[in-house]
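What's in entry_7.cif: mmCIF, C-alpha atoms
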data_start
loop_
_atom_site.label_atom_id
_atom_site.label_comp_id
_atom_site.auth_asym_id
_atom_site.auth_seq_id
_atom_site.Cartn_x
_atom_site.Cartn_y
_atom_site.Cartn_z
CA MET A 21 0.00 0.00 0.00
CA GLY A 22 1.09 3.58 -0.31
CA ALA A 23 -0.08 7.13 -0.66
CA GLY A 24 -0.55 7.96 -4.31
CA GLY A 25 2.26 10.20 -5.46
CA LEU A 26 4.16 10.19 -2.17
CA GLY A 27 7.86 9.78 -2.86
CA ILE A 28 11.26 11.32 -3.39
CA CYS A 29 12.93 12.03 -6.71
CA ILE A 30 16.47 13.32 -7.28
CA SER A 31 17.89 14.92 -10.41
CA ASP A 32 21.59 14.61 -9.50
CA PHE A 33 22.14 12.14 -12.36
CA ASP A 34 19.62 13.60 -14.77
CA GLY A 35 20.31 15.25 -18.13
CA LYS A 36 24.02 16.07 -18.21
CA GLU A 37 24.43 15.99 -14.42
CA GLY A 38 26.75 13.58 -12.64
CA LEU A 39 28.01 11.87 -15.78
CA ASP A 40 31.75 12.47 -15.26
CA ALA A 41 32.45 9.04 -13.77
CA PHE A 42 30.47 7.29 -16.52
CA PRO A 43 32.19 7.65 -19.90
CA GLY A 44 29.94 6.78 -22.83
CA VAL A 45 26.78 8.03 -21.13
CA LEU A 46 25.43 11.17 -22.84
CA ARG A 47 22.25 11.69 -20.82
CA GLY A 48 21.17 10.28 -17.45
CA GLY A 49 17.81 10.04 -15.72
CA ASN A 50 15.97 10.88 -12.54
CA ILE A 51 16.06 8.50 -9.58
CA ARG A 52 12.96 7.97 -7.51
CA LEU A 53 11.62 6.00 -4.61
CA VAL A 54 7.85 6.18 -4.34
CA SER A 55 5.25 4.43 -2.23
CA GLY A 56 2.61 4.85 -4.84
CA GLY A 57 0.13 2.30 -3.58
CA GLU A 58 0.93 -0.82 -5.51
CA GLY A 59 -1.82 -3.39 -5.26
CA PRO A 60 -1.38 -6.65 -3.41
CA ILE A 61 -1.09 -8.80 -6.55
CA ALA A 62 1.71 -6.75 -8.09
CA SER A 63 3.58 -6.31 -4.79
CA PHE A 64 3.37 -9.87 -3.53
CA GLY A 65 6.52 -11.89 -4.17
CA SER A 66 9.26 -9.23 -3.97
CA VAL A 67 11.91 -11.05 -1.95
CA PRO A 68 15.68 -10.56 -1.76
CA PRO A 69 17.83 -13.06 -3.64
CA GLY A 70 18.61 -16.29 -1.78
CA GLU A 71 15.40 -16.28 0.28
CA THR A 72 13.58 -18.82 -1.86
CA GLN A 73 14.53 -21.14 -4.72
CA SER A 74 11.16 -21.10 -6.41
CA ASN A 75 8.43 -18.56 -7.20
CA TRP A 76 5.70 -20.88 -5.91
CA GLY A 77 5.13 -23.35 -3.08
CA SER A 78 5.47 -23.28 0.68
CA ASP A 79 8.96 -21.73 0.92
CA PHE A 80 8.06 -19.02 -1.56
CA LYS A 81 4.84 -18.22 0.29
CA LYS A 82 6.64 -17.96 3.62
CA ALA A 83 9.35 -15.65 2.24
CA ALA A 84 6.89 -13.52 0.26
CA LEU A 85 4.68 -13.07 3.35
CA ALA A 86 7.69 -12.07 5.45
CA TRP A 87 8.87 -9.51 2.89
CA TYR A 88 5.50 -8.28 1.63
CA ASP A 89 5.64 -4.86 3.30
CA ARG A 90 9.38 -4.82 4.00
CA ALA A 91 10.48 -4.41 0.40
CA THR A 92 10.53 -1.39 -1.88
CA SER A 93 12.03 -0.52 -5.20
CA ILE A 94 14.14 2.33 -6.55
CA GLY A 95 13.39 3.30 -10.11
CA THR A 96 14.47 5.59 -12.87
CA GLU A 97 13.02 7.36 -15.83
CA ALA A 98 15.92 8.11 -18.14
CA GLU A 99 16.11 10.11 -21.32
CA HIS A 100 15.77 7.82 -24.32
CA LEU A 101 17.52 9.43 -27.27
CA ALA A 102 15.93 9.50 -30.72
CA TYR A 103 17.40 7.02 -33.20
CA ARG A 104 16.82 6.66 -36.91
CA GLN A 105 16.23 2.90 -36.47
CA ASN A 106 13.43 3.31 -33.90
CA PHE A 107 10.10 4.25 -35.49
CA LEU A 108 6.40 3.57 -35.97
CA ASP A 109 4.99 2.68 -39.37
CA LEU A 110 1.98 0.93 -40.87
CA ASP A 111 2.05 -2.82 -40.48
CA PRO A 112 2.23 -4.59 -43.86
CA THR A 113 0.38 -7.71 -42.62
CA TYR A 114 -2.03 -7.09 -39.74
CA THR A 115 -5.20 -5.03 -39.97
CA ASP A 116 -7.86 -3.98 -37.47
CA LYS A 117 -11.55 -4.85 -37.73
CA TYR A 118 -12.07 -1.99 -40.20
CA GLY A 119 -9.34 -3.33 -42.49
CA ASP A 120 -6.91 -0.52 -41.65
CA PRO A 121 -3.28 -1.42 -40.98
CA LEU A 122 -2.13 -1.62 -37.35
CA ALA A 123 0.70 0.60 -36.17
CA ARG A 124 3.99 -1.31 -36.10
CA LEU A 125 6.65 -0.47 -33.51
CA THR A 126 10.29 -1.02 -34.44
CA LEU A 127 12.42 -0.45 -31.34
CA ASP A 128 15.41 -1.90 -29.56
CA TRP A 129 17.96 -0.74 -27.01
CA THR A 130 21.46 0.33 -27.97
CA ASP A 131 24.71 0.29 -26.00
CA HIS A 132 23.85 3.78 -24.80
CA GLU A 133 20.68 2.66 -22.99
CA ARG A 134 22.59 -0.31 -21.54
CA ALA A 135 25.30 2.08 -20.27
CA GLN A 136 22.60 4.36 -18.82
CA GLY A 137 21.02 1.38 -17.08
CA ALA A 138 24.36 0.25 -15.65
CA MET A 139 25.13 3.76 -14.40
CA LEU A 140 21.77 4.37 -12.77
CA THR A 141 21.46 0.95 -11.15
CA LYS A 142 24.93 1.47 -9.66
CA VAL A 143 23.64 4.65 -8.03
CA HIS A 144 20.43 2.83 -6.98
CA ALA A 145 22.51 0.17 -5.23
CA GLU A 146 24.51 2.84 -3.37
CA ILE A 147 21.30 4.51 -2.21
CA ALA A 148 19.84 1.17 -1.07
CA LYS A 149 23.04 0.42 0.85
CA ALA A 150 22.99 3.83 2.54
CA MET A 151 19.36 3.11 3.57
CA ASN A 152 20.59 -0.05 5.31
CA GLY A 153 18.66 -2.11 2.79
CA ARG A 154 19.54 -5.49 1.42
CA ALA A 155 20.03 -4.65 -2.21
CA ALA A 156 18.34 -6.97 -4.65
CA GLU A 157 19.50 -7.90 -8.10
CA PRO A 158 19.15 -4.91 -10.44
CA ASN A 159 16.77 -5.68 -13.26
CA SER A 160 18.60 -3.63 -15.92
CA ARG A 161 19.30 -6.97 -17.62
CA GLN A 162 15.94 -6.22 -19.19
CA LEU A 163 17.82 -3.77 -21.36
CA GLN A 164 19.42 -6.59 -23.35
CA ARG A 165 16.44 -6.47 -25.70
CA TYR A 166 13.40 -4.23 -25.65
CA THR A 167 10.48 -6.33 -24.45
CA VAL A 168 6.73 -5.75 -24.51
CA THR A 169 6.19 -8.26 -21.70
CA GLN A 170 7.09 -5.87 -18.87
CA TYR A 171 5.71 -2.39 -18.45
CA GLN A 172 8.33 0.23 -19.07
CA SER A 173 7.49 3.90 -18.86
CA THR A 174 5.81 4.86 -22.11
CA HIS A 175 5.67 8.62 -22.40
CA VAL A 176 5.95 8.60 -26.14
CA ASN A 177 6.96 11.83 -27.84
CA GLY A 178 7.79 12.81 -31.40
CA GLY A 179 6.48 12.25 -34.89
CA VAL A 180 6.05 15.93 -35.85
CA ILE A 181 9.27 17.37 -34.52
CA MET A 182 10.06 21.07 -34.22
CA GLY A 183 13.29 22.50 -35.58
CA GLY A 184 15.11 25.54 -36.95
CA THR A 185 15.21 24.38 -40.59
CA PRO A 186 12.68 22.60 -42.85
CA ASP A 187 15.16 19.89 -43.90
CA ARG A 188 15.51 18.64 -40.29
CA SER A 189 12.00 19.09 -38.89
CA VAL A 190 8.25 19.18 -39.62
CA VAL A 191 7.11 22.29 -37.73
CA ASN A 192 8.88 25.61 -37.21
CA PRO A 193 9.46 27.21 -33.79
CA TRP A 194 5.83 28.51 -33.87
CA SER A 195 4.40 24.94 -34.14
CA GLN A 196 3.50 25.76 -37.74
CA HIS A 197 4.11 23.26 -40.55
CA TRP A 198 7.03 24.35 -42.74
CA GLN A 199 5.30 23.59 -46.05
CA VAL A 200 1.62 24.06 -45.14
CA PRO A 201 1.30 27.37 -43.30
CA ASN A 202 -2.33 26.89 -42.26
CA LEU A 203 -1.46 23.63 -40.49
CA TRP A 204 -0.41 24.00 -36.84
CA VAL A 205 0.44 21.03 -34.64
CA VAL A 206 0.76 21.40 -30.86
CA GLY A 207 1.66 18.66 -28.38
CA ALA A 208 4.42 16.27 -27.36
CA SER A 209 4.74 15.42 -31.05
CA ALA A 210 7.07 18.44 -31.31
CA PHE A 211 9.88 16.82 -29.30
CA PRO A 212 12.29 14.35 -30.87
CA GLN A 213 12.36 12.49 -27.52
CA ASN A 214 11.19 12.82 -23.94
CA GLY A 215 13.47 14.16 -21.27
CA SER A 216 13.36 12.19 -18.04
CA GLY A 217 10.56 14.35 -16.67
CA ASN A 218 7.24 14.80 -18.41
CA PRO A 219 7.00 17.79 -20.79
CA THR A 220 3.55 19.08 -19.83
CA LEU A 221 4.66 22.60 -18.95
CA THR A 222 6.81 22.88 -22.09
CA ILE A 223 3.84 21.74 -24.19
CA LEU A 224 1.69 24.46 -22.56
CA ALA A 225 4.39 27.08 -23.20
CA LEU A 226 4.72 26.08 -26.86
CA THR A 227 0.91 26.10 -27.22
CA LEU A 228 0.69 29.63 -25.82
CA ARG A 229 3.48 30.67 -28.17
CA ALA A 230 1.64 29.10 -31.12
CA ALA A 231 -1.57 30.95 -30.13
CA ASP A 232 0.33 34.25 -29.89
CA GLY A 233 1.89 33.69 -33.32
CA LEU A 234 -1.46 32.72 -34.82
CA ILE A 235 -3.38 35.73 -33.45
CA ASP A 236 -0.75 38.46 -33.48
CA ARG A 237 1.02 37.61 -36.74
CA TYR A 238 -0.56 34.89 -38.88
CA LEU A 239 -4.12 36.26 -38.93
CA LYS A 240 -2.80 39.67 -39.99
CA HIS A 241 -0.41 38.33 -42.63
CA PRO A 242 -1.15 34.66 -43.46
CA GLY A 243 1.98 32.74 -44.44
CA GLY A 244 4.98 31.09 -42.91
CA LEU A 245 6.16 32.75 -39.67
CA ALA A 246 9.71 31.38 -39.88
CA MET B 18 -28.61 -28.37 -22.26
CA LYS B 19 -25.27 -28.82 -20.57
CA ARG B 20 -25.48 -30.54 -17.20
CA ARG B 21 -24.42 -28.17 -14.45
CA GLU B 22 -21.09 -29.02 -12.89
CA PHE B 23 -20.12 -28.26 -9.33
CA LEU B 24 -16.98 -27.97 -7.30
CA THR B 25 -17.65 -29.67 -3.97
CA LEU B 26 -15.74 -28.27 -1.01
CA PRO B 27 -15.69 -29.39 2.61
CA VAL B 28 -17.05 -26.56 4.74
CA GLN B 29 -14.29 -26.80 7.32
CA SER B 30 -11.65 -26.10 4.65
CA LEU B 31 -13.32 -22.76 4.00
CA GLY B 32 -14.15 -21.72 7.52
CA GLY B 33 -17.54 -20.71 6.15
CA VAL B 34 -16.13 -17.67 4.39
CA LEU B 35 -17.04 -18.73 0.88
CA LEU B 36 -20.71 -18.38 1.67
CA TYR B 37 -20.16 -14.65 2.00
CA THR B 38 -18.37 -14.35 -1.34
CA LEU B 39 -20.90 -16.35 -3.25
CA ALA B 40 -23.92 -14.45 -2.02
CA GLY B 41 -26.41 -14.45 -4.85
CA GLU B 42 -25.06 -17.67 -6.34
CA ALA B 43 -26.87 -20.98 -6.01
CA VAL B 44 -24.65 -22.41 -3.32
CA ARG B 45 -26.04 -25.61 -1.90
CA LEU B 46 -24.96 -26.48 1.60
CA GLN B 47 -25.22 -30.19 2.25
CA ALA B 48 -26.07 -30.19 5.92
CA GLN B 49 -25.27 -33.83 6.49
CA THR B 50 -21.92 -34.03 4.73
CA ARG B 51 -20.92 -30.47 5.67
CA GLU B 52 -20.07 -29.73 2.06
CA ILE B 53 -20.89 -26.84 -0.19
CA ARG B 54 -21.41 -27.23 -3.90
CA VAL B 55 -20.27 -24.26 -5.96
CA PRO B 56 -21.73 -24.16 -9.49
CA LEU B 57 -19.01 -24.03 -12.16
CA ARG B 58 -19.16 -21.85 -15.24
CA PHE B 59 -16.24 -23.19 -17.29
CA PHE B 60 -14.59 -26.26 -15.77
CA THR B 61 -16.05 -29.72 -15.41
CA ALA B 62 -16.05 -30.96 -11.82
CA ALA B 63 -13.01 -33.15 -12.58
CA GLU B 64 -11.11 -30.24 -14.17
CA ALA B 65 -11.87 -28.00 -11.21
CA GLN B 66 -10.48 -30.63 -8.84
CA VAL B 67 -7.19 -30.73 -10.79
CA VAL B 68 -6.93 -26.92 -10.87
CA GLN B 69 -7.75 -26.63 -7.19
CA ALA B 70 -5.14 -29.25 -6.27
CA ALA B 71 -2.49 -27.51 -8.40
CA CYS B 72 -3.30 -24.04 -6.98
CA GLU B 73 -3.07 -25.52 -3.50
CA ARG B 74 0.54 -26.60 -4.22
CA ILE B 75 1.37 -23.17 -5.67
CA PHE B 76 -0.08 -21.35 -2.65
CA PRO B 77 -0.48 -24.02 0.04
CA SER B 78 -2.38 -23.87 3.25
CA ASP B 79 0.39 -24.43 5.79
CA ALA B 80 2.04 -23.10 8.95
CA SER B 81 2.38 -19.63 7.41
CA GLY B 82 -1.36 -19.29 6.86
CA PRO B 83 -4.34 -20.23 4.68
CA GLY B 84 -3.93 -21.00 1.00
CA ALA B 85 -5.59 -21.27 -2.37
CA THR B 86 -8.40 -23.66 -1.40
CA GLU B 87 -9.63 -21.51 1.49
CA ALA B 88 -9.53 -18.42 -0.74
CA GLY B 89 -11.58 -20.09 -3.49
CA VAL B 90 -8.87 -19.59 -6.13
CA ALA B 91 -10.26 -22.32 -8.40
CA ILE B 92 -13.61 -20.52 -8.42
CA TYR B 93 -11.86 -17.27 -9.35
CA ILE B 94 -10.13 -19.02 -12.27
CA ASP B 95 -13.36 -20.74 -13.35
CA ARG B 96 -15.16 -17.40 -13.59
CA GLN B 97 -12.32 -15.69 -15.46
CA LEU B 98 -12.13 -18.48 -18.03
CA ALA B 99 -15.90 -18.38 -18.54
CA GLY B 100 -15.76 -14.62 -19.13
CA PRO B 101 -14.24 -12.46 -21.88
CA TYR B 102 -10.69 -13.13 -20.68
CA GLY B 103 -10.97 -16.89 -21.18
CA SER B 104 -12.06 -16.56 -24.80
CA ASP B 105 -9.63 -13.73 -25.66
CA LYS B 106 -12.45 -11.33 -26.41
CA TYR B 107 -10.15 -8.31 -26.16
CA ARG B 108 -6.81 -9.71 -27.39
CA PHE B 109 -5.79 -9.18 -31.02
CA THR B 110 -6.11 -12.67 -32.44
CA GLN B 111 -6.01 -12.25 -36.21
CA PRO B 112 -3.71 -14.57 -38.16
CA PRO B 113 -1.01 -15.19 -39.24
CA PHE B 114 0.36 -16.55 -35.95
CA VAL B 115 4.14 -16.32 -36.07
CA GLU B 116 6.73 -17.79 -33.72
CA SER B 117 8.92 -15.00 -32.37
CA GLY B 118 11.31 -14.12 -29.57
CA PRO B 119 10.32 -13.94 -25.89
CA GLU B 120 10.49 -10.13 -26.05
CA HIS B 121 7.27 -10.18 -28.10
CA GLY B 122 5.35 -12.02 -25.39
CA TYR B 123 2.70 -14.64 -26.07
CA GLN B 124 1.89 -14.80 -29.78
CA GLY B 125 0.04 -18.11 -29.83
CA LYS B 126 -3.37 -18.92 -31.24
CA GLN B 127 -4.78 -20.67 -28.15
CA ASN B 128 -6.89 -18.60 -25.80
CA PRO B 129 -6.57 -18.98 -22.00
CA GLY B 130 -9.53 -21.37 -21.85
CA GLU B 131 -7.93 -23.66 -24.44
CA ILE B 132 -4.55 -23.47 -22.72
CA TYR B 133 -6.18 -24.60 -19.46
CA ARG B 134 -8.13 -27.44 -21.10
CA GLU B 135 -4.99 -28.83 -22.70
CA GLY B 136 -2.85 -28.26 -19.59
CA ILE B 137 -5.33 -30.00 -17.32
CA ARG B 138 -5.41 -33.02 -19.66
CA GLN B 139 -1.65 -33.32 -19.17
CA LEU B 140 -2.17 -33.32 -15.40
CA ALA B 141 -4.54 -36.30 -15.44
CA ASN B 142 -5.03 -37.96 -12.02
CA PHE B 143 -3.13 -35.02 -10.43
CA ALA B 144 -5.67 -34.53 -7.64
CA GLU B 145 -5.13 -38.08 -6.38
CA LEU B 146 -1.32 -37.83 -6.11
CA PRO B 147 0.51 -37.20 -2.82
CA PRO B 148 1.88 -33.61 -2.47
CA GLU B 149 5.50 -34.53 -3.29
CA GLN B 150 4.41 -36.19 -6.54
CA GLN B 151 2.21 -33.20 -7.34
CA ASP B 152 5.15 -30.81 -6.88
CA LYS B 153 7.25 -32.97 -9.17
CA ARG B 154 4.58 -32.88 -11.87
CA LEU B 155 4.29 -29.10 -11.58
CA ARG B 156 8.05 -28.59 -11.72
CA ALA B 157 8.10 -30.61 -14.95
CA ILE B 158 5.66 -28.17 -16.60
CA GLU B 159 7.09 -24.98 -15.06
CA PRO B 160 8.25 -23.43 -18.38
CA SER B 161 4.84 -23.95 -20.03
CA MET B 162 2.36 -21.17 -20.71
CA PHE B 163 -0.23 -23.19 -18.79
CA PHE B 164 1.85 -23.18 -15.62
CA ARG B 165 2.70 -19.48 -15.97
CA LEU B 166 -1.01 -18.68 -16.19
CA LEU B 167 -1.82 -21.02 -13.32
CA ARG B 168 0.76 -19.37 -11.06
CA GLN B 169 -0.31 -15.85 -12.01
CA HIS B 170 -4.01 -16.65 -11.61
CA THR B 171 -3.37 -18.27 -8.23
CA MET B 172 -1.89 -14.99 -6.96
CA GLU B 173 -4.80 -13.07 -8.51
CA GLY B 174 -7.33 -15.41 -6.89
CA MET B 175 -5.62 -14.95 -3.53
CA PHE B 176 -5.38 -11.17 -3.63
CA SER B 177 -8.01 -9.69 -5.97
CA ASP B 178 -11.24 -8.19 -4.73
CA PRO B 179 -13.70 -10.93 -3.70
CA MET B 180 -16.17 -9.74 -6.37
CA HIS B 181 -14.12 -11.91 -8.76
CA GLY B 182 -14.72 -15.13 -6.85
CA GLY B 183 -11.42 -15.56 -4.98
CA ASN B 184 -10.01 -13.97 -1.80
CA ALA B 185 -13.06 -15.38 -0.04
CA GLY B 186 -13.95 -13.46 3.10
CA LEU B 187 -10.89 -11.24 2.36
CA ILE B 188 -8.73 -14.11 3.55
CA GLY B 189 -5.82 -13.14 1.25
CA TRP B 190 -5.88 -9.49 2.31
CA ARG B 191 -6.03 -10.44 5.98
CA LEU B 192 -3.02 -12.68 5.40
CA ILE B 193 -0.82 -9.83 4.12
CA GLY B 194 -2.43 -6.91 5.95
CA TYR B 195 -3.75 -5.21 2.82
CA PRO B 196 -6.55 -2.82 3.80
CA GLY B 197 -8.53 -2.82 0.55
CA PRO B 198 -9.30 -0.07 -1.95
CA LEU B 199 -8.96 3.14 0.04
CA MET B 200 -8.92 6.46 -1.78
CA SER B 201 -6.02 7.80 0.24
CA TYR B 202 -3.73 6.88 3.12
CA ARG B 203 -2.87 10.50 3.78
CA ASP B 204 -4.67 10.63 7.11
CA GLU B 205 -3.04 7.41 8.30
CA ILE B 206 0.62 8.06 7.48
CA ASP B 207 1.62 9.88 10.67
CA LYS B 208 -0.42 7.74 13.05
CA ALA B 209 2.09 5.06 13.99
CA PRO B 210 5.56 5.88 12.66
CA GLY B 211 7.91 2.90 12.71
CA LYS B 212 5.14 0.43 13.52
CA PRO B 213 3.25 -1.90 11.18
CA TRP B 214 -0.03 -0.25 10.25
CA ARG B 215 -2.94 -2.66 10.22
CA ARG B 216 -6.54 -1.97 9.51
CA LYS B 217 -9.46 -4.34 9.08
CA PRO B 218 -9.68 -4.95 5.32
CA VAL B 219 -12.74 -3.88 3.36
CA SER B 220 -13.86 -5.03 -0.09
CA LEU B 221 -14.90 -2.67 -2.87
CA ALA B 222 -18.57 -3.59 -2.28
CA GLN B 223 -18.19 -2.61 1.39
CA VAL B 224 -16.51 0.68 0.45
CA VAL B 225 -19.14 1.74 -2.09
CA GLY B 226 -22.06 0.26 -0.14
CA HIS B 227 -23.66 -1.75 -2.93
CA PRO B 228 -22.92 -4.99 -4.81
CA VAL B 229 -20.26 -4.78 -7.51
CA SER B 230 -19.41 -7.20 -10.31
CA GLY B 231 -16.33 -7.83 -12.40
CA TRP B 232 -15.85 -7.96 -16.16
CA GLU B 233 -16.20 -11.75 -16.00
CA ASP B 234 -19.90 -11.18 -15.32
CA GLU B 235 -20.26 -9.11 -18.49
CA LYS B 236 -23.23 -10.13 -20.64
CA ASP B 237 -22.84 -10.10 -24.43
#
Target encoding structure tokens, full file:
Amino acid sequence: MGAGGLGICISDFDGKEGLDAFPGVLRGGNIRLVSGGEGPIASFGSVPPGETQSNWGSDFKKAALAWYDRATSIGTEAEHLAYRQNFLDLDPTYTDKYGDPLARLTLDWTDHERAQGAMLTKVHAEIAKAMNGRAAEPNSRQLQRYTVTQYQSTHVNGGVIMGGTPDRSVVNPWSQHWQVPNLWVVGASAFPQNGSGNPTLTILALTLRAADGLIDRYLKHPGGLA
Amino acid sequence: MKRREFLTLPVQSLGGVLLYTLAGEAVRLQAQTREIRVPLRFFTAAEAQVVQAACERIFPSDASGPGATEAGVAIYIDRQLAGPYGSDKYRFTQPPFVESGPEHGYQGKQNPGEIYREGIRQLANFAELPPEQQDKRLRAIEPSMFFRLLRQHTMEGMFSDPMHGGNAGLIGWRLIGYPGPLMSYRDEIDKAPGKPWRRKPVSLAQVVGHPVSGWEDEKD
């Protein structure tokens, strides 16, 4: 159990911070420990390594009961850089009930995400040790391959990215399409990737800027603003 | 018309709690044999016995507390398999079905109901085996999709809201000290710092003050 958003988050290894000791890592991530109110099904069974050989049966039950509200987890949301090889397109084979193609996700981790994972779990382990905790096995081994079988933070951004020149982006700094001046696109689609935190306030700021540009400039002189 | 099948349970194994969970269902209490007969929606009586015996090995009733039989886990699974989950109503199941890596998750054609039917067939006479033999049989099928579902559903039947047929009398929540679906713990946080906080569990129906039902009860 927990209390909704109650928790602590540090940014000491976020963005470009704290990377000196970790060559090869370009961007880090936030580190957080929250008691967000996990339900009893999801939380049951978190036990330190060596406590039980199996994930079922009498020994497992005994260990899981003993550790049920004595275990917590330290997590990270890191910045996932944009790569040419990661994209969404229309699936060539599968269609929905209307006959339209499904979206197809092509995505895998690179050595950079693996290095990020190694860096951040090292810091996690140090925090757990300082808390007098028995550190469990880090699960950054999940970063060997991207997998759909475990939930990983999915704050998906991009698709209509903003930029300074039309050859590198879809919308200009006013959220206006470079080639179609009466088309304006606002939202997280403007970012090539998500930072570690969520971009809600930046989206609002860009939306206000788009509205200003639309009212103060575009309506008076329709055409490209950049 | 299909003959109704029942799972027969000795009353003492349940401590009477199942009667509370199954309110509204046609539960027949056999006064003389001290048994209750729970009507099944998906399993045959023989299948339900196998599933119940297997769940009992996954989450046994032992020195550390009650287990899957007392919680009614087999009834939880029976209801889920009879509902939209069991027939994959909401999973994308259009062909072609292609073998792929574990990172893509389950890509098979069989729905959960079919996986159970086939898995139970492979566990023939399971309910009659002694516990050590049962554990051996389960260990042999551990990597299978059937066992993964069985293990996951056993935990769900222990710890989900009793509206779904398991966690009878909140027995699972009492076992771990889970208080039930509260909107907020904000007022409780500072009450007993450093001490385990325990509160009598309440089900969703008790919180909202009227009967609730799960998606397994959905009518087409």
- Task: Check what the PyMOL selection byres ((chain A and resi 165) around 9) selects in the file above and give those residues as number ranges by chain.
- Result: A: 128-130, 161-164, 166-167; B: 120
- Of B:Glu87, B:Asp79, B:Glu131, B:Asp207, the one nearest to chain A when counting all atoms listed in the file is B:Asp79
- Which residues of chain B are close to chain A, meaning at most 8 Å apart when you count only C-alpha atoms, and how do they look as a PyMOL selection string? chain B and resi 74-77+79+81+111-112+119-122+168+172-173+176-177+190+192-193+195+201-203
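The gap separating atom CA of Pro101 of chain B from atom CA of Arg134 of chain B is 16.2 Å, in Å to one decimal.
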- Enumerate, as an NGL selection string, the residues matched when the PyMOL selection byres ((chain B and resi 65) around 12) is run on the file above. :B and (22-26 or 55-64 or 66-73 or 86 or 89-96 or 98 or 133-134 or 137-138 or 140-141 or 143-144)
- Query: Evaluating the PyMOL selection byres ((chain A and resi 223) around 12) on the displayed file yields which residues, as a list in words?
  - Reply: Asn177, Met182, Trp194, Ser195, Val205, Val206, Gly207, Ala208, Ser209, Ala210, Phe211, Asn214, Asn218, Pro219, Thr220, Leu221, Thr222, Leu224, Ala225, Leu226, Thr227, Leu228, Arg229 and Ala230 of chain A
With C-alpha atoms retained, write the just-selected residues as a PDB file, in the coordinates of the input.
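The result, stored in selection-v8.pdb:
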ATOM      1  CA  ASN A 177       6.960  11.830 -27.840  1.00  0.00           C
ATOM      2  CA  MET A 182      10.060  21.070 -34.220  1.00  0.00           C
ATOM      3  CA  TRP A 194       5.830  28.510 -33.870  1.00  0.00           C
ATOM      4  CA  SER A 195       4.400  24.940 -34.140  1.00  0.00           C
ATOM      5  CA  VAL A 205       0.440  21.030 -34.640  1.00  0.00           C
ATOM      6  CA  VAL A 206       0.760  21.400 -30.860  1.00  0.00           C
ATOM      7  CA  GLY A 207       1.660  18.660 -28.380  1.00  0.00           C
ATOM      8  CA  ALA A 208       4.420  16.270 -27.360  1.00  0.00           C
ATOM      9  CA  SER A 209       4.740  15.420 -31.050  1.00  0.00           C
ATOM     10  CA  ALA A 210       7.070  18.440 -31.310  1.00  0.00           C
ATOM     11  CA  PHE A 211       9.880  16.820 -29.300  1.00  0.00           C
ATOM     12  CA  ASN A 214      11.190  12.820 -23.940  1.00  0.00           C
ATOM     13  CA  ASN A 218       7.240  14.800 -18.410  1.00  0.00           C
ATOM     14  CA  PRO A 219       7.000  17.790 -20.790  1.00  0.00           C
ATOM     15  CA  THR A 220       3.550  19.080 -19.830  1.00  0.00           C
ATOM     16  CA  LEU A 221       4.660  22.600 -18.950  1.00  0.00           C
ATOM     17  CA  THR A 222       6.810  22.880 -22.090  1.00  0.00           C
ATOM     18  CA  LEU A 224       1.690  24.460 -22.560  1.00  0.00           C
ATOM     19  CA  ALA A 225       4.390  27.080 -23.200  1.00  0.00           C
ATOM     20  CA  LEU A 226       4.720  26.080 -26.860  1.00  0.00           C
ATOM     21  CA  THR A 227       0.910  26.100 -27.220  1.00  0.00           C
ATOM     22  CA  LEU A 228       0.690  29.630 -25.820  1.00  0.00           C
ATOM     23  CA  ARG A 229       3.480  30.670 -28.170  1.00  0.00           C
ATOM     24  CA  ALA A 230       1.640  29.100 -31.120  1.00  0.00           C
TER      25      ALA A 230
END
- Within 12 Å of file point (-9.1, -12.5, -22.8), counting all atoms listed in the file, expressed as a ChimeraX atom specification: /B:97-110,127-132,232-233
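Checking A:Val200, A:Leu110, A:Leu46, A:Ile51 one by one against Leu122 of chain A, counting all atoms listed in the file, you find the shortest gap at A:Leu110.
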- Determine the nearest neighbour of Gln213 of chain A from the options A:Ser93, A:Asn106, A:Ser31, A:Thr72, counting only C-alpha atoms. A:Asn106
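Across the model, the gap from atom CA of Ala88 of chain B to atom CA of Gly183 of chain B is 5.5 Å.
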- Write out as a PyMOL selection string which residues come within 10 Å of Val224 of chain B when counting only C-alpha atoms, dropping same-chain ones fewer than 2 positions away. chain B and resi 197-200+219-222+226-227
- Task: Quick one: pull the distance between atom CA of Pro112 of chain A and atom CA of Thr126 of chain A, Å, one decimal.
- Result: 12.9 Å
- If you count only C-alpha atoms, the residue of A:Val54, A:Met139, A:Ser173, A:Asp111 closest to Asp40 of chain A turns out to be A:Met139
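In terms of minimum interatomic distance to Pro213 of chain B, B:Gly194 ranks closest within B:Ser230, B:Val225, B:Met175, B:Gly194, counting all atoms listed in the file.
The shell of residues at most 9 Å from Met162 of chain B, with only C-alpha atoms counted and near chain neighbours (fewer than 4 positions) removed, consists of Tyr123, Ile132, Gly136, Ile158, Leu166 and Leu167 of chain B.
The residue that comes closest to Lys217 of chain B, out of B:His181, B:Arg191, B:Lys126, B:Arg21 and on the basis of all atoms listed in the file, is B:Arg191.
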